Structures are given as C-alpha cells and as structure tokens.
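Asker: Shown below is the structure under consideration.
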Amino acid sequence: MYKIPDTLNEDIAKLGDWVKGFREGSVPAVQFKAFRVPMGIYEQRKDDVYMVRIRTTGGVIYPEQLLEVMEIARRHRSDLLHITTRQEIQIQNLELEEITPVLYELKAAGLSAKGGGGNTVRNILVSEESGIFDGEIFDTTPYAMALTTKLIAEPDSYLLPRKMKIAFSSDDRQIDYAAINDLGLVAKIKNGRRGFMVYAGGGGGSNPSVGWLLSDFVPENELYAIAGALKTMFSEHGNRKNKHKARLRYIFYRLGEEATLRLIGEYYEAAKKTAPLFAPEAAPEERPHVGYTPPTGIRIDDGYDIWRKRYVREQRQEGYNSILVPFMAGNLRIDHEASTKAVKKLLHFVAPFGRHTIRFTTTQNIRLRNIPAAALPELYLLLKDIVPEMHAPLLVNNIVSCTGADTCRLGVALSKGLAAAIRKELMNSTLDLERLSDTRIHISGCPNSCGQQIWADIGFSGKILRNDRIYPGYQVHLAANRGNKPHIAEPAGQINARDIPKFVVRLLASFLEVQPRYPNLTAWLETDGKKQALQLLAAYEEVPSFADDKNYYFDWGAETVFSVIGRGAAECSAGLFDMIDFDLNLIEEHRKTLETETNPQETNRHLYGIGYSASRMLLITRGAEPKTTEDVFEMFATHFIAFGLVDERFRKITETLKQAQPEDELPKDEILALADTVIELYKNMDDSLQFKTAKTETPAEPPKPKTEKRFKDLRGVLCPMNFVQTKIQLAPMKNGELLEIWLDDGQPIANVPGSVRGEGHEVLEQTRMDDYWKVVIRKQ
C-alpha cells in the first residue's frame with residue numbers, strides 16, 4: 001500500500017478551516033472549490049451535496065480497509081459507495097460538515113483522498129490481474145505503489161496545469177490503459193534487466209489520442225526520473241490559461257512530436273542526475289499461506305458451473321483463482337441492510353486468504369484474487385446475496401457507465417439508465433452472448449471520458465440533439481484497439497438515446513453472423529463491419545416529433561422531459577486559475593452594468609468592484625494569499641507595481657481604492673485603465689506564470705538580508721504555497737544565482753528542499769536558526 005504523506009493532517013485541518021470560512025461567508029465559493037477539489041472533494045449535481053474520492057492505487061484495497069470505508073460512510077450518513085473507472089472508490093451523498101471527519105477517519109485506515117481531483121497527479125492504474133496471470137512480463141503493482149508514495153508527497157504534484165494520469169501494464173501484448181494516459185509504463189525485460197516501454201501524452205476528453213512512444217526501454221531504477229521529468233516538463237510547458245487545451249497531449253499538438261519528445265528527453269537527462277534511483281522491494285508472494293477447510297453440508301445449485309465458467313479464472317499460482325464480482329454501474333449501496341450485511345460477510349470471508357484479495361477494476365467491478373479452489377462453492381453462495389444477476393453473460397454485467405446526469409454536474413445524459421436499457425435488450429435478445437464475452441461497451445454521460453468511451457469496442461458519449469426541440473443523444477465511437485498496436489475508437493456518427501439498445505443488438509447480430517472470420521468485434525469494425533455500422537446508424541437518423549412519440553424526448557430512467565436545467569460548472573478542472581476567471585468575469589459584469597447605470601452611489605460601487613477584482617486577479621500567480629481587503633491592494637502594489645509589471649502611475653489609484661469609503665467619488669477612467677492593464681498582462685502570461693513585460697530586478701526595497709542573494713521569508717506559509725512561492729522566486733533568476741528562503745520547522749522544511757532538488761536546483765545550505773530554517777538555493 002502507498003504511504004500517506006506527513007502533510008496530510010495539516011491539509012485536512014486547513015480544509016476544516018476553509019469549510020468553516022465558506023459557511024460563514026469569509027471564503028468565496030471559487031476559492032473554496034479551488035482548495036477542496038484537489039483534496040478529492042467534489043460537489044455533486046445537487047447543490048451542497050458532496051462526495052469523497054479515495055485513492056486506491058491499482059485498485060488495491062485491503063478487506064479490513066473496505067470494511068472501514070463502509071463503516072465511515074454509514075457513520076456519516078452516506079448511502080452509496082461508487083467504484084470508478086480509475087480503480088478508485090467514492091463515498092457519495094455527504095453533507096459538507098461531514099467531509100473533514102471523513103478524511104481523518106480515512107487517514108486512520110491508511111487511505112487518502114488528496115489528489116483525487118483537480119490539477120493533480122491522479123490515481124495510478126495497474127492491470128487488474130497483475131501478479132496472478134500467466135504471460136505477464138512482471139507484476140507492476142509494487143512499482144505503482146512506490147511511485148504513488150513519491151509523487152503524492154511532492155507539493156508540485158498538486159499544482160499542475162491540468163490533471164496528470166499514469167497507468168502501468170504488465171503485459172506488452174495488452175498495453176491497454178497505458179496507451180491513453182499522460183504517462184504509460186509497459187513492463188519489459190531487456191538483456192535480463194527489468195524496465196518499461198514508455199508512452200507519453202495519451203488521453204481522452206477533447207481531441208483524444210493514444211500516447212506517443214517516448215522510449216522503447218527505461219530501466220526500472222530510473223522510474224522516478226522519467227516520471228519526475230514528465231511532470232516537471234508538463235508543469236513548465238503546459239497551458240495554464242486555457243483548461244480546455246491544458247492536458248499534456250496539447251504540448252505535442254503545439255510543438256509537434258519530434259520537438260516534444262526531444263524536450264521531454266532533455267528533462268529526463270536532467271532528472272537522472274538528481275532523482276533518487278528506484279530500488280524495488282521484494283514483492284510478497286501473491287499466494288497466501290493459509291489453509292481452508294470447506295464447511296460440511298454446502299449445497300450448490302445448477303447455476304454454479306455457469307458462474308464458474310463465466311466469472312472465475314485460474315491464477316498462475318496453482319490451486320488459486322480470481323473471481324470477477326460485478327456491481328451495476330459500480331454502485332455499492334449501503335442503505336439496504338440485507339445487501340450491506342452480505343458484502344460485509346463476503347469481506348470477512350476473503351480476509352483470511354490475505355490482504356491482497358481485492359482489487360477494483362477499470363470496469364467498475366471488484367476482482368477477488370488468491371481464493372483457493374476449494375472455497376469457490378462457499379463463495380458462490382455468498383455472492384448470490386450480493387449480485388442478483390450473477391449468472392448473466394459477462395457482456396451484460398460488464399457494461400461500463402459513468403455516473404452521468406444523475407449526480408455529475410457536467411452530465412448531459414443519464415448514462416446509467418442507458419446501460420440498464422442495453423442490458424435488458426441484450427438479455428431479451430436471441431444473441432449468443434457467450435461468444436461476446438470479451439466485447440466492451442462503455443458509456444459517458446457527456447463528451448468527457450469518465451466512462452472511457454474511446455477505449456471500447458462500442459462507445460457512447462452523451463450530447464444534446466435537436467429537431468424542433470432538444471432530445472437526449474449520443475456520439476457513437478467504434479473499434480478501439482487495446483493491444484500492442486493501440487488506437488482509440490473512432491467517432492462514427494450520432495444517434496438518439498431511445499434507439500441505442502436496438503442499434504447495439506443489431507450491430508452485434510451482424511458481427512456474430514461472420515464472427516469466425518474475425519478474432520473480435522473491433523477487428524470486424526476496422527474492416528468490413530464499418531460500412532454496416534454506418535448503415536445501421538443511418539437507419540436511426542429520423543426522430544419522430546414530440547407529438548408523434550414523446551418517448552424520444554425522455555432520457556432512459558427519467559420521469560420528466562429531457563432538459564439541461566441543473567447542469568452545473570465543471571468540478572474536475574477546479575484549480576488556482578479558476579480564481580483568475582472568477583475575477584475576470586466580475587470585472588466584465590461590473591463594466592456591463594456601468595454602461596447603463598445612472599445612480600452615482602451604484603456607479604461607485606461597480607467601479608470599486610472593478611478595481612478590487614483587477615488588483616486581486618493575478619495575485620495567485622505570485623503565490624500571494626490576501627487575508628483582508630487592504631492586503632489585496634498592498635500585495636498588488638508590492639508584486640506588480642514595484643516589480644514593474646504594472647505602471648507606477650497606478651499606485652495612486654490602488655491607494656485610493658484601499659482607503660475608499662462608500663460615499664467617495666471614484667475616478668472611472670483610471671480604474672477602467674487599471675483593469676485593462678491587468679487583463680492585458682494576463683493575456684501575455686506564459687505557461688510558467690511569467691509575464692513578458694516583467695522586469696528581472698527586485699523591487700526598489702532592498703531584501704531583508706543585506707547580501708547578493710535574493711530573499712523570501714516563507715515563515716507562516718503552508719505547503720504547498722511555500723513551494724509555489726519558491727518556484728516563483730526562482731523563475732526569473734539566472735543559472736548560478738542564489739535564493740535564500742526562511743521556512744518553518746516541520747512539514748515546510750521536510751518537503752520544500754526536496755521538491756527544489758527534484759526540480760534540478762542545488763540546495764547549498766539548510767541551517768536551523770532559532771525557530772525556523774534558513775535554506776540557500778543555487779538555481780541550475
């Protein structure tokens with residue numbers, strides 16, 4: 001299991017303070033969102049209802065941990081746990097006041113939510129059967145755990161331009177998710193040495209792509225170097241101003257493949273000189289050393305053999321098995337006493353077989369492992385109380401859907417309702433579903449890729465369609481190749497939601513007619529099947545009017561006519577730069593109102609709002625955190641006027657605003673000019689938070705220590721802002737120049753120097769003073 005960073009208690013305590021401030025009105029919603037989302041806290045579709053996303057690297061969770069997660073959820077009045085397509089688990093439907101105690105209790109169980117959202121290093125994926133199946137190169141789970149431990153302890157892992165996703169594959173014949181993550185690591189052995197084939201820049205969402213092959217082989221001891229190099233390169237060259245073009249792949253789109261790979265290579269060579277070598281620990285034997293004696297009198301029914309054929313696989317460890325336990329849409333309800341009791345009974349049953357018996361899968365299910373063959377009959381009887389359709393063909397129980405418009409603020413369509421409708425249509429069909437057990441159907445309720453629709457044989461992403469009125473529809477994606485020549489599913493057209501179940505059955509029927517000639521559905525869709533798929537889609541182009549058939553205007557599972565009312569702002573991209581947009585929008589709102597305002601007092605109020613937002617808007621890029629109204633104007637003068645980023649003539653107006661009273665008449669032209677200047681400065685900000693017009697010298701005021709070193713007093717500044725401010729100080733400096741910083745004892749001194757070294761700089765001195773530390777850094 002990954003190791004929780006020492007800073008987590010401080011982070012949770014600070015979140016508690018922010019919750020209190022938000023409730024009292026002293027912390028604006030946008031600032032609160034920017035802090036809570038990187039902590040793994042999302043607001044759901046219903047206002048003021050939240051969920052906590054728990055980091056479970058590679059889907060690994062111990063039986064006793066999952067039992068504790070269920071208890072934590074129950075104690076804090078949640079009714080639902082949800083398994084995600086990134087092998088995590090969420091506690092949903094929480095009140096805000098429950099969040100802080102939930103995080104403390106998760107920490108006590110050895111689990112953390114930090115990094116579960118926002119512009120951070122997200123949960124790392126691992127092949128679900130890594131360590132137990134024949135044919136794998138080696139088990140990548142220990143590598144993912146070690147990399148998680150290192151990355152989540154580094155402050156800059158939570159300050160990226162956008163999220164960074166990492167995936168491991170243990171089998172070079174089935175690259176799978178390693179091909180569509182920002183960093184993909186595929187197990188490889190070369191000349192007797194373990195290492196990885198490395199992909200970079202893969203991802204879903206807008207303009208999706210498989211990753212570019214960065215290296216055919218990176219030795220295992222350079223794992224930290226390659227991951228750190230990619231993270232630093234992304235941090236310094238990613239687009240921080242446009243979140244829609246901020247993922248790592250957009251650097252490839254902007255610079256081209258050759259230039260981007262060369263740039264990553266430069267960071268990699270630099271990282272190899274400073275990053276610690278990865279030293280793999282001996283992985284524990286997957287097979288548990290425990291005996292099992294089946295109870296007498298177990299009576300199984302005729303469904304046992306069917307279940308064992310469909311859901312049980314033999315491990316490479318002789319006598320042991322892995323078992324897929326399907327959960328519809330990844331949901332584990334804990335508000336039903338009988339089902340909750342059954343799940344707990346299952347967890348107590350598998351616990352004696354070892355801690356490594358449970359993994360969450362990318363298909364939102366649980367895969368049990370290390371179960372002795374003799375225990376399968378008893379396990380079968382336990383599962384009958386948990387999985388109502390446990391005998392159903394694998395395809396039916398393995399359809400992936402995101403949470404969709406049920407709870408997600410970005411959801412357009414009810415993806416879970418569509419998944420249920422497809423399952424029903426498949427079960428009522430005459431198709432031989434046994435021959436389709438390796439087929440993947442994935443559904444997202446919006447164009448984002450939470451449902452991984454681009455990585456399926458048949459994928460759907462929700463969208464709004466229209467004739468004389470709007471109705472629910474989906475973009476259709478076909479034929480992803482997850483093997484050793486990976487490519488994403490191609491968009492094939494769009495279709496109304498109502499006809500999708502019939503479309504799926506007809507498409508699969510066409511494939512089964514010719515199946516012996518093709519190894520799988522994707523192989524057919526890539527060749528002869530593509531034409532048939534397009535013809536089938538065309539048959540569903542016509543949608544009847546609302547008067548003729550209202551069903552087309554109701555989404556699957558909906559009781560009201562389709563609407564986009566209640567669709568909220570994105571939570572996933574929440575971060576520091578949402579705060580810039582917040583002030584930018586306020587400026588525009590005030591300006592628009594000013595155009596028609598005739599009341600002098602209201603005019604002054606809007607002018608003050610423009611001046612205040614203009615002064616606050618870019619403070620976050622300097623690592624400045626104003627606590628009061630006066631701080632806003634003073635920090636603006638210090639960080640922007642004194643540095644020459646904003647003309648000296650605006651100092652007077654900031655002083656006027658700082659001392660303004662409601663009855664004062666404010667100078668309109670000067671305030672509007674200030675706003676224009678700040679907005680223009682923002683437009684000229686580069687991806688590393690530097691401004692093209694910036695002066696490189698220090699302010700007129702001399703630094704505190706009378707030396708040639710640049711100086712920054714960071715006492716009282718918490719992680720990770722102390723590291724942000726250190727980076728900001730280093731950015732305009734030349735190689736060889738010195739920076740002295742003062743840090744508090746505890747987590748600041750424990751983390752900042754290491755993060756600075758991780759960026760390639762040299763820490764020359766680290767000296768304890770009275771109640772703080774002096775650190776001297778040479779920029780490299």
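If you're wondering about the labels, chains in the structure tokens are A, B, ... by order shown, residues count from 1 in each chain, ligands from 1 in order shown.
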Run DSSP on the backbone and tell me which residues of segment 577-770 of chain A come out as helix (DSSP H, G or I); list them as a VMD selection string.

Answerer: chain A and resid 578 to 594 600 to 616 619 to 622 629 to 641 648 to 659 668 to 683 721 to 730 747 to 758

Asker: Give one line per residue of segment 406-450 of chain A that approaches segment 494-517 of chain A to at most 7 Å, naming the two atoms of the closest pair and their distance in Å to one decimal, counting only C-alpha atoms; sort by chain then ascending residue number and deliver it as CSV.

Answerer:
```
residue,atom,partner,partner_atom,distance
A:Ala421,CA,A:Pro501,CA,6.3
A:Ile422,CA,A:Pro501,CA,4.6
A:Glu425,CA,A:Pro501,CA,6.0
A:Leu426,CA,A:Val505,CA,6.5
A:Leu431,CA,A:Ala509,CA,6.6
```

Asker: Please run DSSP on the backbone and report, as a compact mmCIF listing (two decimals) with N, CA, C and O atoms, in the first residue's frame, all residues within segment 383-608 of chain A that come out as strand (DSSP E or B).

Answerer:
```
# COMPACT_ATOMS: atom_id res chain seq x y z
N VAL A 400 -19.79 -0.61 -18.94
CA VAL A 400 -19.27 0.49 -18.13
C VAL A 400 -20.10 1.75 -18.38
O VAL A 400 -20.38 2.08 -19.54
N SER A 401 -20.46 2.44 -17.31
CA SER A 401 -21.09 3.75 -17.48
C SER A 401 -20.63 4.66 -16.35
O SER A 401 -20.50 4.22 -15.21
N ILE A 441 -18.51 -2.45 -23.95
CA ILE A 441 -19.42 -1.35 -24.24
C ILE A 441 -19.26 -0.33 -23.12
O ILE A 441 -19.47 -0.65 -21.94
N HIS A 442 -18.88 0.89 -23.47
CA HIS A 442 -18.62 1.94 -22.48
C HIS A 442 -19.48 3.17 -22.78
O HIS A 442 -19.62 3.55 -23.94
N ILE A 443 -19.99 3.81 -21.71
CA ILE A 443 -20.90 4.94 -21.88
C ILE A 443 -20.47 6.09 -20.97
O ILE A 443 -20.27 5.89 -19.77
N SER A 444 -20.36 7.28 -21.55
CA SER A 444 -20.16 8.51 -20.77
C SER A 444 -21.38 9.40 -20.97
O SER A 444 -21.92 9.49 -22.07
N ILE A 458 -17.55 -0.63 -28.57
CA ILE A 458 -18.68 0.26 -28.85
C ILE A 458 -18.75 1.27 -27.72
O ILE A 458 -18.92 0.89 -26.55
N GLY A 459 -18.61 2.55 -28.03
CA GLY A 459 -18.63 3.58 -27.01
C GLY A 459 -19.66 4.64 -27.33
O GLY A 459 -19.97 4.92 -28.50
N PHE A 460 -20.20 5.25 -26.27
CA PHE A 460 -21.18 6.32 -26.43
C PHE A 460 -20.84 7.47 -25.49
O PHE A 460 -20.49 7.24 -24.33
N SER A 461 -20.96 8.70 -25.98
CA SER A 461 -20.78 9.88 -25.13
C SER A 461 -21.97 10.81 -25.31
O SER A 461 -22.34 11.17 -26.43
N GLY A 462 -22.57 11.22 -24.19
CA GLY A 462 -23.81 11.97 -24.22
C GLY A 462 -23.68 13.33 -24.87
O GLY A 462 -22.66 14.02 -24.73
N LYS A 463 -24.72 13.74 -25.58
CA LYS A 463 -24.76 15.07 -26.19
C LYS A 463 -26.22 15.49 -26.36
O LYS A 463 -27.13 14.66 -26.26
N ILE A 464 -26.41 16.75 -26.64
CA ILE A 464 -27.75 17.29 -26.86
C ILE A 464 -28.03 17.33 -28.36
O ILE A 464 -27.25 17.90 -29.12
N LEU A 465 -29.12 16.69 -28.78
CA LEU A 465 -29.53 16.73 -30.18
C LEU A 465 -30.84 17.53 -30.28
O LEU A 465 -31.52 17.77 -29.28
N ARG A 466 -31.17 17.96 -31.49
CA ARG A 466 -32.32 18.86 -31.65
C ARG A 466 -33.00 18.65 -33.00
O ARG A 466 -32.34 18.45 -34.02
N ILE A 470 -35.08 19.96 -28.14
CA ILE A 470 -33.92 19.14 -27.81
C ILE A 470 -34.35 17.76 -27.33
O ILE A 470 -35.45 17.58 -26.78
N TYR A 471 -33.47 16.79 -27.54
CA TYR A 471 -33.71 15.44 -27.05
C TYR A 471 -32.35 14.79 -26.74
O TYR A 471 -31.31 15.22 -27.27
N PRO A 472 -32.31 13.76 -25.88
CA PRO A 472 -31.03 13.16 -25.49
C PRO A 472 -30.45 12.31 -26.62
O PRO A 472 -31.17 11.56 -27.28
N GLY A 473 -29.16 12.45 -26.82
CA GLY A 473 -28.48 11.67 -27.85
C GLY A 473 -27.06 11.33 -27.44
O GLY A 473 -26.59 11.71 -26.36
N TYR A 474 -26.39 10.62 -28.31
CA TYR A 474 -25.02 10.18 -28.02
C TYR A 474 -24.18 10.20 -29.28
O TYR A 474 -24.67 9.92 -30.38
N GLN A 475 -22.91 10.54 -29.11
CA GLN A 475 -21.90 10.32 -30.14
C GLN A 475 -21.49 8.86 -30.07
O GLN A 475 -21.28 8.32 -28.97
N VAL A 476 -21.37 8.21 -31.20
CA VAL A 476 -21.01 6.80 -31.24
C VAL A 476 -19.53 6.68 -31.59
O VAL A 476 -19.03 7.33 -32.51
N HIS A 477 -18.80 5.84 -30.83
CA HIS A 477 -17.38 5.59 -31.06
C HIS A 477 -17.20 4.08 -31.28
O HIS A 477 -17.75 3.27 -30.52
N LEU A 478 -16.43 3.72 -32.28
CA LEU A 478 -16.29 2.30 -32.62
C LEU A 478 -14.84 1.88 -32.76
O LEU A 478 -14.01 2.61 -33.30
N ASN A 481 -8.53 -0.32 -30.22
CA ASN A 481 -7.58 -1.45 -30.16
C ASN A 481 -6.72 -1.28 -28.92
O ASN A 481 -5.94 -0.35 -28.82
N HIS A 487 -5.01 1.96 -30.68
CA HIS A 487 -5.62 3.18 -31.21
C HIS A 487 -6.98 3.36 -30.57
O HIS A 487 -7.62 2.39 -30.14
N GLU A 490 -12.96 5.30 -33.07
CA GLU A 490 -13.21 6.42 -33.96
C GLU A 490 -14.67 6.87 -33.86
O GLU A 490 -15.58 6.05 -33.76
N PRO A 491 -14.90 8.18 -33.91
CA PRO A 491 -16.29 8.65 -33.95
C PRO A 491 -16.97 8.21 -35.25
O PRO A 491 -16.40 8.36 -36.34
N ALA A 492 -18.17 7.65 -35.14
CA ALA A 492 -18.84 7.09 -36.31
C ALA A 492 -20.13 7.82 -36.65
O ALA A 492 -20.71 7.58 -37.71
N GLY A 493 -20.60 8.69 -35.78
CA GLY A 493 -21.86 9.38 -36.02
C GLY A 493 -22.60 9.58 -34.72
O GLY A 493 -22.07 9.31 -33.64
N GLN A 494 -23.82 10.03 -34.79
CA GLN A 494 -24.62 10.25 -33.60
C GLN A 494 -25.96 9.55 -33.71
O GLN A 494 -26.42 9.22 -34.81
N ILE A 495 -26.59 9.35 -32.56
CA ILE A 495 -27.84 8.60 -32.53
C ILE A 495 -28.66 9.07 -31.32
O ILE A 495 -28.10 9.46 -30.29
N ASN A 496 -29.97 9.04 -31.45
CA ASN A 496 -30.81 9.38 -30.32
C ASN A 496 -30.70 8.30 -29.25
O ASN A 496 -30.42 7.14 -29.54
```

Asker: Skip Ser215 of chain A itself and residues of its chain fewer than 3 positions away, then list as a list in words all residues within 12 Å of it, counting only C-alpha atoms.

Answerer: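 Close residues of Ser215 of chain A: Leu183, Gly184, Leu185, Val186, Lys188, Gly195, Phe196, Met197, Val198, Tyr199, Ala200, Gly211, Trp212, Val218, Pro219, Ile226, Leu261, Arg262, Ile264, Gly265 and Tyr268 of chain A.
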
Asker: Write out as a ChimeraX atom specification the residues lying within 6 Å of Ile83 of chain A, counting only C-alpha atoms and excluding same-chain residues fewer than 4 positions away.

Answerer: /A:88-89,330,364

Asker: To one decimal place in Å, what is the distance between atom CA of Gln31 of chain A and atom CA of Leu666 of chain A?

Answerer: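 It comes out at 27.8 Å.
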
Asker: Could you jot down the atom CA of Ala113 of chain A to atom CA of Tyr2 of chain A separation for me, Å, one decimal place?

Answerer: 12.4 Å

Asker: Check the smallest atom-to-atom distance from each of A:Leu94, A:Leu248, A:Ala178, A:Ile4 to Leu160 of chain A using only C-alpha atoms, then report the winner.

Answerer: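 Of A:Leu94, A:Leu248, A:Ala178, A:Ile4, the one nearest Leu160 of chain A, counting only C-alpha atoms, is A:Leu248.
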
Asker: Do you know which residues are at most 9 Å from Leu743 of chain A counting only C-alpha atoms, after dropping those on the same chain fewer than 5 positions away, and could you put them as a list of chain:residue names?

Answerer: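 Neighbouring residues, sequence-local ones excluded: A:Asp713, A:Leu714, A:Arg715, A:Gly716, A:Val717, A:Asn722, A:Pro748, A:Ile749, A:Val752, A:Tyr772, A:Trp773, A:Lys774, A:Val775.
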
Asker: Which of these, A:Asn9, A:Gln92, A:Ser157, A:Gln65, has the shortest distance to Val121 of chain A once you count only C-alpha atoms?

Answerer: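 Going through A:Asn9, A:Gln92, A:Ser157, A:Gln65 one by one, the smallest distance to Val121 of chain A is for A:Ser157.
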
Asker: For Pro276 of chain A, which residue out of A:Ala637, A:Gly204, A:Glu526, A:Gly760 is the nearest one, using only C-alpha atoms?

Answerer: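 Among the listed residues, A:Gly760 lies closest to Pro276 of chain A.
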
Asker: Could you name the residues that touch Thr603 of chain A at 9 Å or less, counting only C-alpha atoms, but leaving out those on the same chain fewer than 4 positions away, as an MDAnalysis selection string?

Answerer: chainID A and resid 593:594 597:599 607:608 665:666 668

Asker: Keeping only N, CA, C and O atoms, take the residues you just selected and write them out as a compact mmCIF listing (two decimals), in the first residue's frame.

Answerer:
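Resulting contents of part_33.txt:
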```
# COMPACT_ATOMS: atom_id res chain seq x y z
N THR A 593 -22.72 46.55 -16.38
CA THR A 593 -23.74 47.28 -15.63
C THR A 593 -23.48 48.79 -15.66
O THR A 593 -24.41 49.59 -15.70
N LEU A 594 -22.20 49.16 -15.65
CA LEU A 594 -21.83 50.58 -15.67
C LEU A 594 -22.36 51.31 -16.90
O LEU A 594 -22.62 52.51 -16.86
N GLU A 597 -25.79 52.43 -15.88
CA GLU A 597 -26.01 52.89 -14.51
C GLU A 597 -26.05 54.41 -14.43
O GLU A 597 -25.18 55.10 -14.98
N THR A 598 -27.07 54.97 -13.74
CA THR A 598 -27.19 56.42 -13.59
C THR A 598 -27.09 56.86 -12.14
O THR A 598 -26.84 58.04 -11.87
N ASN A 599 -27.25 55.92 -11.21
CA ASN A 599 -27.15 56.25 -9.79
C ASN A 599 -25.68 56.41 -9.40
O ASN A 599 -24.90 55.47 -9.54
N LEU A 607 -17.47 50.59 -9.78
CA LEU A 607 -16.07 50.98 -10.03
C LEU A 607 -15.15 50.37 -8.99
O LEU A 607 -14.06 49.88 -9.32
N TYR A 608 -15.59 50.39 -7.73
CA TYR A 608 -14.78 49.76 -6.68
C TYR A 608 -14.63 48.26 -6.95
O TYR A 608 -13.55 47.70 -6.81
N GLU A 665 -16.33 59.60 -4.41
CA GLU A 665 -16.45 59.51 -5.87
C GLU A 665 -15.14 58.97 -6.43
O GLU A 665 -14.07 59.54 -6.20
N LEU A 666 -15.21 57.89 -7.17
CA LEU A 666 -14.01 57.23 -7.68
C LEU A 666 -13.74 57.61 -9.13
O LEU A 666 -14.69 57.79 -9.91
N LYS A 668 -13.34 57.06 -12.69
CA LYS A 668 -13.76 55.99 -13.60
C LYS A 668 -12.67 55.65 -14.61
O LYS A 668 -12.31 54.48 -14.79
```

Asker: For the atom pair atom CA of Glu740 of chain A and atom CA of Phe711 of chain A, what is the interatomic distance in Å to one decimal place?

Answerer: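 A separation of 4.8 Å between them.
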
Asker: Fewer than 2 positions away in the same chain doesn't count, so skip those; otherwise give me all residues within 7 Å of Thr120 of chain A, counting only C-alpha atoms, as a list in words.

Answerer: Pro38, Gly115, Gly117, Gly118, Arg122, Ser157, Tyr158, Leu159, Leu160, Arg162, Lys163 and Met164 of chain A

Asker: Of the candidates A:Pro753, A:Gly59, A:Gly110, A:Pro161, which one gets nearest to Ser127 of chain A if we count only C-alpha atoms?

Answerer: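 Selected residue with least distance to Ser127 of chain A: A:Gly59.
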